[in-house]
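**Q** Okay, here's the structure, questions in a sec.
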2 protein chains.
Amino acid sequence: MSFFPASLEKLVEKFASLPGVGRKSAQRLAFHVLSLSDAEAQDFASAITEAKSKVHACRICQNLTDTEVCGICSSPNRDPSTVCVVADPKDVAAIERAREYKGTYHVLHGVISPLNRIGPDDIRIKELVDRVSEGGVEEIIMATNPDTEGETTAKYISRLLRPFGVKVTRLAYGIPMGASLEFADDATLMRALEGRREI
Amino acid sequence: MSFFPASLEKLVEKFASLPGVGRKSAQRLAFHVLSLSDAEAQDFASAITEAKSKVHACRICQNLTDTEVCGICSSPNRDPSTVCVVADPKDVAAIERAREYKGTYHVLHGVISPLNRIGPDDIRIKELVDRVSEGGVEEIIMATNPDTEGETTAKYISRLLRPFGVKVTRLAYGIPMGASLEFADDATLMRALEGRREI
């Protein structure tokens, strides 16, 4: 039973339904909303409906966008012949932050994960194959995470793309910059040794 | 610079403006909203505007309500001659959960706190004095927190109400139920000794 007015209780429940937000935090957030001005609260509410109604997948790369084709795919400064394949829109943001990559992306929206019943048809692999089969793509950089599911997905996709004669590469994995060898885990050290390069 | 579409970025910013929500959590929450159905997202947005527009202070006790007079003040089963004074609507919820108290409340919406520049006029003390001066109130139970600010507020209000001849009491403070003496702090032990009762 709740001791808050119904409309406040409903807002608390909505916040509590968000991932990682417990009932106590949800109360705190709801009280914060009550402390906002009417305009600010209205602005918050419309941010939710606007994001939900406007944001969709880019027709080409499947990244989130509020235009038909995303800013990266439509930019004349980006090389459409190099496609970096990532699991998630947040990975695009991470790579863009490095300001190094000048190619385009393909967002899978997930990885193959038999344990979670996510098969190849549940993520945007078909869209990638279609894109490659249309021609113009020379290199696919698999940038899924270096964990079991990310590796499996990368291997699956590289096998699938072999018939098209496109070059498939994988991001380099090794000791992170600034880290100490002493504290690197075995798997990372192994990958760093395997990936050694002449200097 | 952001690498998300503008409307998604705006939603992330809105979540990040909530207390205790950092940018990473805000991203997670915004992506969760995108994963909701249109109806669920709409429902979330209207929960915000509804709570903001409907919830206001009860005319009598200043607790949050979405009716003119709150459920407790308007209930024939509650004794309006006993008024429990609390700092916050959450305190009303806490006391109600104990299902013991049958009187009514007065919510101050804060405590006197010179350090935070909150004086007696910044919280709902005047409304309490008006209520007592109208007559019908026999006992005021001061239930502010047992910290410096709560104590100061309780003392200030009890002095203010003295001319009206109303009985002013304070909640009992002592060892919490189920706790061990060994781990009780000095201040609590002192309060527990002071407040000892014959059995």
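As shown in the structure tokens, the chain order sets the letters A, B, ...; within each chain, residues go from 1, and ligands are also counted from 1 in the order they appear.
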Neighbours of Arg170 of chain B within 8 Å (only C-alpha atoms; same-chain residues fewer than 2 positions away dropped), as a list in words?

**A**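 Once the adjacent positions are removed, what remains is Ile141, Met142, Ala143, Ala154, Val168 and Ala172 of chain B.
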
**Q** For the selection you just gave me, I'd like the residues written to a file as a JSON list (two decimals), in the first residue's frame, keeping N, CA and C atoms.

**A**
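selection-v8.json written:
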[["chain", "number", "residue", "atom", "x", "y", "z"],
["B", 141, "ILE", "N", 2.91, 16.59, 18.12],
["B", 141, "ILE", "CA", 4.04, 15.67, 18.29],
["B", 141, "ILE", "C", 5.14, 16.09, 17.33],
["B", 142, "MET", "N", 6.27, 16.57, 17.82],
["B", 142, "MET", "CA", 7.36, 16.99, 16.94],
["B", 142, "MET", "C", 8.13, 15.74, 16.50],
["B", 143, "ALA", "N", 8.06, 15.43, 15.22],
["B", 143, "ALA", "CA", 8.71, 14.22, 14.73],
["B", 143, "ALA", "C", 9.76, 14.55, 13.66],
["B", 154, "ALA", "N", 12.39, 21.66, 16.06],
["B", 154, "ALA", "CA", 11.42, 21.22, 17.06],
["B", 154, "ALA", "C", 11.36, 22.22, 18.21],
["B", 168, "VAL", "N", 3.04, 20.13, 23.57],
["B", 168, "VAL", "CA", 4.00, 19.79, 22.51],
["B", 168, "VAL", "C", 4.88, 18.65, 23.00],
["B", 172, "ALA", "N", 9.99, 9.60, 20.93],
["B", 172, "ALA", "CA", 11.02, 8.99, 21.77],
["B", 172, "ALA", "C", 12.20, 8.57, 20.90]]

**Q** I need the contact residues of chain B against chain A, so if you could list those with any atom within 8 Å, counting only C-alpha atoms, and return them as a PDB file with all heavy atoms, in the first residue's frame, that would help.

**A**
ATOM      1  N   SER B   2      28.286  15.195 -28.948  1.00  0.00           N
ATOM      2  CA  SER B   2      27.562  13.944 -28.802  1.00  0.00           C
ATOM      3  C   SER B   2      27.466  13.228 -30.140  1.00  0.00           C
ATOM      4  O   SER B   2      27.441  13.850 -31.187  1.00  0.00           O
ATOM      5  CB  SER B   2      26.157  14.216 -28.293  1.00  0.00           C
ATOM      6  OG  SER B   2      25.367  13.081 -28.499  1.00  0.00           O
ATOM      7  N   PHE B   3      27.409  11.892 -30.080  1.00  0.00           N
ATOM      8  CA  PHE B   3      27.327  11.115 -31.307  1.00  0.00           C
ATOM      9  C   PHE B   3      25.983  10.421 -31.395  1.00  0.00           C
ATOM     10  O   PHE B   3      25.801   9.460 -32.124  1.00  0.00           O
ATOM     11  CB  PHE B   3      28.498  10.146 -31.379  1.00  0.00           C
ATOM     12  CG  PHE B   3      29.809  10.865 -31.255  1.00  0.00           C
ATOM     13  CD1 PHE B   3      30.483  10.926 -30.049  1.00  0.00           C
ATOM     14  CD2 PHE B   3      30.334  11.543 -32.339  1.00  0.00           C
ATOM     15  CE1 PHE B   3      31.662  11.624 -29.931  1.00  0.00           C
ATOM     16  CE2 PHE B   3      31.531  12.236 -32.229  1.00  0.00           C
ATOM     17  CZ  PHE B   3      32.193  12.285 -31.021  1.00  0.00           C
ATOM     18  N   PHE B   4      25.003  10.926 -30.622  1.00  0.00           N
ATOM     19  CA  PHE B   4      23.645  10.399 -30.685  1.00  0.00           C
ATOM     20  C   PHE B   4      22.772  11.405 -31.427  1.00  0.00           C
ATOM     21  O   PHE B   4      23.072  12.588 -31.448  1.00  0.00           O
ATOM     22  CB  PHE B   4      23.083  10.203 -29.276  1.00  0.00           C
ATOM     23  CG  PHE B   4      23.782   9.140 -28.479  1.00  0.00           C
ATOM     24  CD1 PHE B   4      24.205   9.390 -27.189  1.00  0.00           C
ATOM     25  CD2 PHE B   4      24.000   7.878 -29.023  1.00  0.00           C
ATOM     26  CE1 PHE B   4      24.845   8.401 -26.447  1.00  0.00           C
ATOM     27  CE2 PHE B   4      24.639   6.889 -28.288  1.00  0.00           C
ATOM     28  CZ  PHE B   4      25.060   7.152 -26.999  1.00  0.00           C
ATOM     29  N   PRO B   5      21.670  10.934 -32.021  1.00  0.00           N
ATOM     30  CA  PRO B   5      20.748  11.898 -32.637  1.00  0.00           C
ATOM     31  C   PRO B   5      20.245  12.902 -31.588  1.00  0.00           C
ATOM     32  O   PRO B   5      20.142  12.583 -30.409  1.00  0.00           O
ATOM     33  CB  PRO B   5      19.608  11.032 -33.174  1.00  0.00           C
ATOM     34  CG  PRO B   5      19.876   9.645 -32.749  1.00  0.00           C
ATOM     35  CD  PRO B   5      21.262   9.556 -32.231  1.00  0.00           C
ATOM     36  N   ALA B   6      19.915  14.106 -32.052  1.00  0.00           N
ATOM     37  CA  ALA B   6      19.594  15.210 -31.145  1.00  0.00           C
ATOM     38  C   ALA B   6      18.499  14.865 -30.137  1.00  0.00           C
ATOM     39  O   ALA B   6      18.614  15.178 -28.958  1.00  0.00           O
ATOM     40  CB  ALA B   6      19.191  16.439 -31.957  1.00  0.00           C
ATOM     41  N   SER B   7      17.426  14.208 -30.597  1.00  0.00           N
ATOM     42  CA  SER B   7      16.322  13.955 -29.675  1.00  0.00           C
ATOM     43  C   SER B   7      16.700  12.912 -28.628  1.00  0.00           C
ATOM     44  O   SER B   7      16.240  12.966 -27.489  1.00  0.00           O
ATOM     45  CB  SER B   7      15.064  13.533 -30.440  1.00  0.00           C
ATOM     46  OG  SER B   7      15.357  12.541 -31.385  1.00  0.00           O
ATOM     47  N   LEU B   8      17.587  11.976 -28.992  1.00  0.00           N
ATOM     48  CA  LEU B   8      18.079  11.002 -28.015  1.00  0.00           C
ATOM     49  C   LEU B   8      19.009  11.702 -27.026  1.00  0.00           C
ATOM     50  O   LEU B   8      18.923  11.509 -25.812  1.00  0.00           O
ATOM     51  CB  LEU B   8      18.810   9.861 -28.736  1.00  0.00           C
ATOM     52  CG  LEU B   8      19.475   8.808 -27.835  1.00  0.00           C
ATOM     53  CD1 LEU B   8      18.471   8.178 -26.889  1.00  0.00           C
ATOM     54  CD2 LEU B   8      20.128   7.722 -28.690  1.00  0.00           C
ATOM     55  N   LYS B  10      18.927  14.744 -26.147  1.00  0.00           N
ATOM     56  CA  LYS B  10      18.148  15.586 -25.238  1.00  0.00           C
ATOM     57  C   LYS B  10      17.575  14.745 -24.099  1.00  0.00           C
ATOM     58  O   LYS B  10      17.573  15.172 -22.939  1.00  0.00           O
ATOM     59  CB  LYS B  10      17.015  16.284 -26.003  1.00  0.00           C
ATOM     60  CG  LYS B  10      16.305  17.257 -25.110  1.00  0.00           C
ATOM     61  CD  LYS B  10      15.389  18.218 -25.811  1.00  0.00           C
ATOM     62  CE  LYS B  10      14.719  19.059 -24.730  1.00  0.00           C
ATOM     63  NZ  LYS B  10      13.483  19.668 -25.182  1.00  0.00           N
ATOM     64  N   LEU B  11      17.106  13.544 -24.450  1.00  0.00           N
ATOM     65  CA  LEU B  11      16.548  12.667 -23.408  1.00  0.00           C
ATOM     66  C   LEU B  11      17.641  12.243 -22.425  1.00  0.00           C
ATOM     67  O   LEU B  11      17.426  12.213 -21.209  1.00  0.00           O
ATOM     68  CB  LEU B  11      15.882  11.440 -24.056  1.00  0.00           C
ATOM     69  CG  LEU B  11      15.199  10.492 -23.080  1.00  0.00           C
ATOM     70  CD1 LEU B  11      14.129  11.200 -22.263  1.00  0.00           C
ATOM     71  CD2 LEU B  11      14.575   9.310 -23.827  1.00  0.00           C
ATOM     72  N   LYS B  14      18.201  15.037 -20.091  1.00  0.00           N
ATOM     73  CA  LYS B  14      17.113  15.156 -19.109  1.00  0.00           C
ATOM     74  C   LYS B  14      17.316  14.163 -17.978  1.00  0.00           C
ATOM     75  O   LYS B  14      17.184  14.512 -16.805  1.00  0.00           O
ATOM     76  CB  LYS B  14      15.753  14.907 -19.779  1.00  0.00           C
ATOM     77  CG  LYS B  14      15.299  16.040 -20.670  1.00  0.00           C
ATOM     78  CD  LYS B  14      14.904  17.245 -19.823  1.00  0.00           C
ATOM     79  CE  LYS B  14      14.808  18.492 -20.676  1.00  0.00           C
ATOM     80  NZ  LYS B  14      14.768  19.706 -19.850  1.00  0.00           N
ATOM     81  N   LEU B  18      18.687  14.541 -13.425  1.00  0.00           N
ATOM     82  CA  LEU B  18      18.059  14.041 -12.200  1.00  0.00           C
ATOM     83  C   LEU B  18      19.126  13.824 -11.132  1.00  0.00           C
ATOM     84  O   LEU B  18      20.274  13.512 -11.451  1.00  0.00           O
ATOM     85  CB  LEU B  18      17.336  12.713 -12.483  1.00  0.00           C
ATOM     86  CG  LEU B  18      16.145  12.786 -13.442  1.00  0.00           C
ATOM     87  CD1 LEU B  18      15.621  11.395 -13.746  1.00  0.00           C
ATOM     88  CD2 LEU B  18      15.035  13.639 -12.851  1.00  0.00           C
ATOM     89  N   PRO B  19      18.758  13.961  -9.857  1.00  0.00           N
ATOM     90  CA  PRO B  19      19.763  13.811  -8.805  1.00  0.00           C
ATOM     91  C   PRO B  19      20.296  12.376  -8.735  1.00  0.00           C
ATOM     92  O   PRO B  19      19.524  11.424  -8.784  1.00  0.00           O
ATOM     93  CB  PRO B  19      18.996  14.179  -7.522  1.00  0.00           C
ATOM     94  CG  PRO B  19      17.569  13.954  -7.855  1.00  0.00           C
ATOM     95  CD  PRO B  19      17.422  14.238  -9.322  1.00  0.00           C
ATOM     96  N   ARG B  28      21.867   4.751 -20.294  1.00  0.00           N
ATOM     97  CA  ARG B  28      21.209   3.463 -20.123  1.00  0.00           C
ATOM     98  C   ARG B  28      19.689   3.655 -20.012  1.00  0.00           C
ATOM     99  O   ARG B  28      18.901   2.938 -20.626  1.00  0.00           O
ATOM    100  CB  ARG B  28      21.770   2.779 -18.865  1.00  0.00           C
ATOM    101  CG  ARG B  28      21.500   1.328 -18.749  1.00  0.00           C
ATOM    102  CD  ARG B  28      22.471   0.676 -17.748  1.00  0.00           C
ATOM    103  NE  ARG B  28      22.756   1.533 -16.609  1.00  0.00           N
ATOM    104  CZ  ARG B  28      22.044   1.572 -15.480  1.00  0.00           C
ATOM    105  NH1 ARG B  28      21.003   0.781 -15.337  1.00  0.00           N
ATOM    106  NH2 ARG B  28      22.389   2.372 -14.497  1.00  0.00           N
ATOM    107  N   LEU B  29      19.260   4.660 -19.245  1.00  0.00           N
ATOM    108  CA  LEU B  29      17.837   4.911 -19.067  1.00  0.00           C
ATOM    109  C   LEU B  29      17.191   5.359 -20.379  1.00  0.00           C
ATOM    110  O   LEU B  29      16.105   4.911 -20.734  1.00  0.00           O
ATOM    111  CB  LEU B  29      17.618   5.969 -17.977  1.00  0.00           C
ATOM    112  CG  LEU B  29      18.145   5.605 -16.582  1.00  0.00           C
ATOM    113  CD1 LEU B  29      17.894   6.729 -15.593  1.00  0.00           C
ATOM    114  CD2 LEU B  29      17.520   4.312 -16.074  1.00  0.00           C
ATOM    115  N   HIS B  32      16.737   2.527 -22.589  1.00  0.00           N
ATOM    116  CA  HIS B  32      15.611   1.726 -22.111  1.00  0.00           C
ATOM    117  C   HIS B  32      14.298   2.314 -22.606  1.00  0.00           C
ATOM    118  O   HIS B  32      13.406   1.592 -23.046  1.00  0.00           O
ATOM    119  CB  HIS B  32      15.615   1.645 -20.583  1.00  0.00           C
ATOM    120  CG  HIS B  32      14.440   0.912 -20.027  1.00  0.00           C
ATOM    121  ND1 HIS B  32      14.391  -0.461 -19.953  1.00  0.00           N
ATOM    122  CD2 HIS B  32      13.242   1.357 -19.566  1.00  0.00           C
ATOM    123  CE1 HIS B  32      13.222  -0.823 -19.448  1.00  0.00           C
ATOM    124  NE2 HIS B  32      12.508   0.262 -19.200  1.00  0.00           N
ATOM    125  N   VAL B  33      14.179   3.641 -22.557  1.00  0.00           N
ATOM    126  CA  VAL B  33      12.948   4.292 -23.014  1.00  0.00           C
ATOM    127  C   VAL B  33      12.719   3.985 -24.495  1.00  0.00           C
ATOM    128  O   VAL B  33      11.601   3.703 -24.918  1.00  0.00           O
ATOM    129  CB  VAL B  33      13.002   5.820 -22.762  1.00  0.00           C
ATOM    130  CG1 VAL B  33      11.896   6.540 -23.515  1.00  0.00           C
ATOM    131  CG2 VAL B  33      12.899   6.109 -21.270  1.00  0.00           C
ATOM    132  N   LEU B  34      13.810   3.995 -25.285  1.00  0.00           N
ATOM    133  CA  LEU B  34      13.660   3.689 -26.721  1.00  0.00           C
ATOM    134  C   LEU B  34      13.168   2.257 -26.919  1.00  0.00           C
ATOM    135  O   LEU B  34      12.508   1.960 -27.913  1.00  0.00           O
ATOM    136  CB  LEU B  34      14.998   3.857 -27.446  1.00  0.00           C
ATOM    137  CG  LEU B  34      15.520   5.287 -27.592  1.00  0.00           C
ATOM    138  CD1 LEU B  34      16.766   5.283 -28.451  1.00  0.00           C
ATOM    139  CD2 LEU B  34      14.472   6.203 -28.194  1.00  0.00           C
ATOM    140  N   ASP B  38       5.472   2.275 -27.917  1.00  0.00           N
ATOM    141  CA  ASP B  38       5.022   3.665 -28.008  1.00  0.00           C
ATOM    142  C   ASP B  38       4.090   4.003 -26.847  1.00  0.00           C
ATOM    143  O   ASP B  38       4.190   5.067 -26.234  1.00  0.00           O
ATOM    144  CB  ASP B  38       4.289   3.910 -29.337  1.00  0.00           C
ATOM    145  CG  ASP B  38       5.275   4.038 -30.487  1.00  0.00           C
ATOM    146  OD1 ASP B  38       6.482   4.123 -30.214  1.00  0.00           O
ATOM    147  OD2 ASP B  38       4.834   4.030 -31.649  1.00  0.00           O
ATOM    148  N   ALA B  41       5.973   4.417 -23.529  1.00  0.00           N
ATOM    149  CA  ALA B  41       6.732   5.667 -23.471  1.00  0.00           C
ATOM    150  C   ALA B  41       5.775   6.837 -23.241  1.00  0.00           C
ATOM    151  O   ALA B  41       6.042   7.740 -22.437  1.00  0.00           O
ATOM    152  CB  ALA B  41       7.526   5.864 -24.754  1.00  0.00           C
ATOM    153  N   GLN B  42       4.638   6.803 -23.943  1.00  0.00           N
ATOM    154  CA  GLN B  42       3.628   7.850 -23.792  1.00  0.00           C
ATOM    155  C   GLN B  42       3.132   7.899 -22.347  1.00  0.00           C
ATOM    156  O   GLN B  42       2.930   8.964 -21.765  1.00  0.00           O
ATOM    157  CB  GLN B  42       2.471   7.569 -24.761  1.00  0.00           C
ATOM    158  CG  GLN B  42       1.410   8.648 -24.790  1.00  0.00           C
ATOM    159  CD  GLN B  42       2.004  10.022 -25.049  1.00  0.00           C
ATOM    160  OE1 GLN B  42       2.662  10.248 -26.063  1.00  0.00           O
ATOM    161  NE2 GLN B  42       1.815  10.955 -24.116  1.00  0.00           N
ATOM    162  N   PHE B  44       4.745   6.934 -19.688  1.00  0.00           N
ATOM    163  CA  PHE B  44       5.801   7.479 -18.837  1.00  0.00           C
ATOM    164  C   PHE B  44       5.744   9.008 -18.891  1.00  0.00           C
ATOM    165  O   PHE B  44       5.742   9.692 -17.858  1.00  0.00           O
ATOM    166  CB  PHE B  44       7.161   6.982 -19.317  1.00  0.00           C
ATOM    167  CG  PHE B  44       8.255   7.082 -18.293  1.00  0.00           C
ATOM    168  CD1 PHE B  44       9.210   6.078 -18.185  1.00  0.00           C
ATOM    169  CD2 PHE B  44       8.351   8.159 -17.432  1.00  0.00           C
ATOM    170  CE1 PHE B  44      10.216   6.151 -17.239  1.00  0.00           C
ATOM    171  CE2 PHE B  44       9.358   8.238 -16.491  1.00  0.00           C
ATOM    172  CZ  PHE B  44      10.292   7.240 -16.399  1.00  0.00           C
ATOM    173  N   ALA B  45       5.676   9.529 -20.123  1.00  0.00           N
ATOM    174  CA  ALA B  45       5.661  10.987 -20.297  1.00  0.00           C
ATOM    175  C   ALA B  45       4.458  11.592 -19.584  1.00  0.00           C
ATOM    176  O   ALA B  45       4.576  12.610 -18.893  1.00  0.00           O
ATOM    177  CB  ALA B  45       5.644  11.332 -21.782  1.00  0.00           C
ATOM    178  N   SER B  46       3.281  10.942 -19.702  1.00  0.00           N
ATOM    179  CA  SER B  46       2.120  11.564 -19.068  1.00  0.00           C
ATOM    180  C   SER B  46       2.156  11.388 -17.550  1.00  0.00           C
ATOM    181  O   SER B  46       1.599  12.226 -16.832  1.00  0.00           O
ATOM    182  CB  SER B  46       0.796  11.074 -19.671  1.00  0.00           C
ATOM    183  OG  SER B  46       0.857   9.746 -20.044  1.00  0.00           O
ATOM    184  N   ALA B  47       2.837  10.344 -17.053  1.00  0.00           N
ATOM    185  CA  ALA B  47       2.988  10.212 -15.602  1.00  0.00           C
ATOM    186  C   ALA B  47       3.714  11.437 -15.048  1.00  0.00           C
ATOM    187  O   ALA B  47       3.385  11.937 -13.973  1.00  0.00           O
ATOM    188  CB  ALA B  47       3.755   8.939 -15.250  1.00  0.00           C
ATOM    189  N   ILE B  48       4.692  11.927 -15.803  1.00  0.00           N
ATOM    190  CA  ILE B  48       5.441  13.115 -15.365  1.00  0.00           C
ATOM    191  C   ILE B  48       4.543  14.350 -15.343  1.00  0.00           C
ATOM    192  O   ILE B  48       4.433  15.039 -14.329  1.00  0.00           O
ATOM    193  CB  ILE B  48       6.658  13.361 -16.289  1.00  0.00           C
ATOM    194  CG1 ILE B  48       7.705  12.271 -16.054  1.00  0.00           C
ATOM    195  CG2 ILE B  48       7.265  14.745 -16.048  1.00  0.00           C
ATOM    196  CD1 ILE B  48       8.893  12.333 -16.982  1.00  0.00           C
ATOM    197  N   THR B  49       3.849  14.601 -16.464  1.00  0.00           N
ATOM    198  CA  THR B  49       3.029  15.815 -16.512  1.00  0.00           C
ATOM    199  C   THR B  49       1.857  15.729 -15.537  1.00  0.00           C
ATOM    200  O   THR B  49       1.509  16.709 -14.896  1.00  0.00           O
ATOM    201  CB  THR B  49       2.514  16.098 -17.938  1.00  0.00           C
ATOM    202  OG1 THR B  49       2.061  14.873 -18.509  1.00  0.00           O
ATOM    203  CG2 THR B  49       3.619  16.636 -18.816  1.00  0.00           C
ATOM    204  N   GLU B  50       1.269  14.538 -15.400  1.00  0.00           N
ATOM    205  CA  GLU B  50       0.124  14.391 -14.483  1.00  0.00           C
ATOM    206  C   GLU B  50       0.548  14.616 -13.040  1.00  0.00           C
ATOM    207  O   GLU B  50      -0.131  15.327 -12.292  1.00  0.00           O
ATOM    208  CB  GLU B  50      -0.489  12.999 -14.610  1.00  0.00           C
ATOM    209  CG  GLU B  50      -1.159  12.777 -15.941  1.00  0.00           C
ATOM    210  CD  GLU B  50      -2.591  12.298 -15.785  1.00  0.00           C
ATOM    211  OE1 GLU B  50      -2.890  11.618 -14.789  1.00  0.00           O
ATOM    212  OE2 GLU B  50      -3.407  12.626 -16.669  1.00  0.00           O
ATOM    213  N   ALA B  51       1.648  13.970 -12.638  1.00  0.00           N
ATOM    214  CA  ALA B  51       2.105  14.139 -11.260  1.00  0.00           C
ATOM    215  C   ALA B  51       2.376  15.617 -11.005  1.00  0.00           C
ATOM    216  O   ALA B  51       1.946  16.181 -10.002  1.00  0.00           O
ATOM    217  CB  ALA B  51       3.363  13.311 -11.005  1.00  0.00           C
ATOM    218  N   LYS B  52       3.058  16.239 -11.966  1.00  0.00           N
ATOM    219  CA  LYS B  52       3.428  17.648 -11.790  1.00  0.00           C
ATOM    220  C   LYS B  52       2.181  18.540 -11.711  1.00  0.00           C
ATOM    221  O   LYS B  52       2.114  19.464 -10.908  1.00  0.00           O
ATOM    222  CB  LYS B  52       4.324  18.073 -12.959  1.00  0.00           C
ATOM    223  CG  LYS B  52       4.815  19.496 -12.903  1.00  0.00           C
ATOM    224  CD  LYS B  52       5.668  19.763 -11.679  1.00  0.00           C
ATOM    225  CE  LYS B  52       5.799  21.259 -11.450  1.00  0.00           C
ATOM    226  NZ  LYS B  52       6.316  21.570 -10.120  1.00  0.00           N
ATOM    227  N   SER B  53       1.169  18.264 -12.549  1.00  0.00           N
ATOM    228  CA  SER B  53       0.009  19.160 -12.575  1.00  0.00           C
ATOM    229  C   SER B  53      -0.988  18.846 -11.462  1.00  0.00           C
ATOM    230  O   SER B  53      -1.656  19.722 -10.952  1.00  0.00           O
ATOM    231  CB  SER B  53      -0.682  19.106 -13.937  1.00  0.00           C
ATOM    232  OG  SER B  53      -1.243  17.828 -14.147  1.00  0.00           O
ATOM    233  N   LYS B  54      -1.086  17.565 -11.067  1.00  0.00           N
ATOM    234  CA  LYS B  54      -2.118  17.206 -10.088  1.00  0.00           C
ATOM    235  C   LYS B  54      -1.662  17.302  -8.640  1.00  0.00           C
ATOM    236  O   LYS B  54      -2.456  17.590  -7.759  1.00  0.00           O
ATOM    237  CB  LYS B  54      -2.601  15.772 -10.351  1.00  0.00           C
ATOM    238  CG  LYS B  54      -3.509  15.657 -11.565  1.00  0.00           C
ATOM    239  CD  LYS B  54      -4.164  14.293 -11.599  1.00  0.00           C
ATOM    240  CE  LYS B  54      -5.055  14.123 -12.817  1.00  0.00           C
ATOM    241  NZ  LYS B  54      -5.428  12.718 -13.009  1.00  0.00           N
ATOM    242  N   VAL B  55      -0.385  16.992  -8.389  1.00  0.00           N
ATOM    243  CA  VAL B  55       0.053  16.919  -6.995  1.00  0.00           C
ATOM    244  C   VAL B  55       0.334  18.320  -6.444  1.00  0.00           C
ATOM    245  O   VAL B  55       1.026  19.111  -7.065  1.00  0.00           O
ATOM    246  CB  VAL B  55       1.316  16.037  -6.862  1.00  0.00           C
ATOM    247  CG1 VAL B  55       1.819  16.040  -5.427  1.00  0.00           C
ATOM    248  CG2 VAL B  55       1.008  14.622  -7.306  1.00  0.00           C
ATOM    249  N   LEU B  64       1.599  16.193   0.466  1.00  0.00           N
ATOM    250  CA  LEU B  64       1.300  16.136  -0.961  1.00  0.00           C
ATOM    251  C   LEU B  64      -0.001  15.370  -1.186  1.00  0.00           C
ATOM    252  O   LEU B  64      -0.245  14.339  -0.568  1.00  0.00           O
ATOM    253  CB  LEU B  64       2.437  15.450  -1.710  1.00  0.00           C
ATOM    254  CG  LEU B  64       3.771  16.188  -1.655  1.00  0.00           C
ATOM    255  CD1 LEU B  64       4.844  15.377  -2.360  1.00  0.00           C
ATOM    256  CD2 LEU B  64       3.662  17.573  -2.262  1.00  0.00           C
ATOM    257  N   THR B  65      -0.818  15.869  -2.094  1.00  0.00           N
ATOM    258  CA  THR B  65      -2.102  15.228  -2.368  1.00  0.00           C
ATOM    259  C   THR B  65      -2.528  15.572  -3.779  1.00  0.00           C
ATOM    260  O   THR B  65      -2.022  16.534  -4.360  1.00  0.00           O
ATOM    261  CB  THR B  65      -3.175  15.699  -1.360  1.00  0.00           C
ATOM    262  OG1 THR B  65      -4.425  15.118  -1.707  1.00  0.00           O
ATOM    263  CG2 THR B  65      -3.316  17.214  -1.368  1.00  0.00           C
ATOM    264  N   ASP B  66      -3.438  14.790  -4.364  1.00  0.00           N
ATOM    265  CA  ASP B  66      -4.009  15.227  -5.633  1.00  0.00           C
ATOM    266  C   ASP B  66      -5.487  15.576  -5.479  1.00  0.00           C
ATOM    267  O   ASP B  66      -6.184  15.767  -6.467  1.00  0.00           O
ATOM    268  CB  ASP B  66      -3.736  14.239  -6.780  1.00  0.00           C
ATOM    269  CG  ASP B  66      -3.982  12.800  -6.399  1.00  0.00           C
ATOM    270  OD1 ASP B  66      -4.640  12.559  -5.377  1.00  0.00           O
ATOM    271  OD2 ASP B  66      -3.509  11.913  -7.128  1.00  0.00           O
ATOM    272  N   VAL B  92       5.833  11.118   6.467  1.00  0.00           N
ATOM    273  CA  VAL B  92       4.428  10.710   6.646  1.00  0.00           C
ATOM    274  C   VAL B  92       4.280   9.260   6.188  1.00  0.00           C
ATOM    275  O   VAL B  92       3.723   8.414   6.898  1.00  0.00           O
ATOM    276  CB  VAL B  92       3.466  11.608   5.828  1.00  0.00           C
ATOM    277  CG1 VAL B  92       2.045  11.058   5.895  1.00  0.00           C
ATOM    278  CG2 VAL B  92       3.509  13.041   6.325  1.00  0.00           C
ATOM    279  N   ALA B  93       4.842   8.958   5.009  1.00  0.00           N
ATOM    280  CA  ALA B  93       4.760   7.593   4.483  1.00  0.00           C
ATOM    281  C   ALA B  93       5.395   6.603   5.457  1.00  0.00           C
ATOM    282  O   ALA B  93       4.855   5.519   5.703  1.00  0.00           O
ATOM    283  CB  ALA B  93       5.443   7.525   3.111  1.00  0.00           C
ATOM    284  N   GLU B  96       3.084   6.196   8.505  1.00  0.00           N
ATOM    285  CA  GLU B  96       1.869   5.477   8.106  1.00  0.00           C
ATOM    286  C   GLU B  96       2.131   3.979   7.953  1.00  0.00           C
ATOM    287  O   GLU B  96       1.277   3.155   8.245  1.00  0.00           O
ATOM    288  CB  GLU B  96       1.308   6.038   6.793  1.00  0.00           C
ATOM    289  CG  GLU B  96       0.627   7.379   6.943  1.00  0.00           C
ATOM    290  CD  GLU B  96      -0.610   7.296   7.837  1.00  0.00           C
ATOM    291  OE1 GLU B  96      -1.601   6.692   7.420  1.00  0.00           O
ATOM    292  OE2 GLU B  96      -0.561   7.824   8.970  1.00  0.00           O
TER     293      GLU B  96
END

**Q** List every residue of segment 86-131 of chain A that DSSP, applied to the backbone of this structure, assigns to alpha helix (DSSP H), and report them as a PyMOL selection string.

**A** chain A and resi 89-97+125-131

**Q** What is the distance, in Å and to one decimal place, between atom CA of Ile118 of chain B and atom CA of Glu138 of chain B?

**A**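 Going from atom CA of Ile118 of chain B over to atom CA of Glu138 of chain B covers 28.2 Å.
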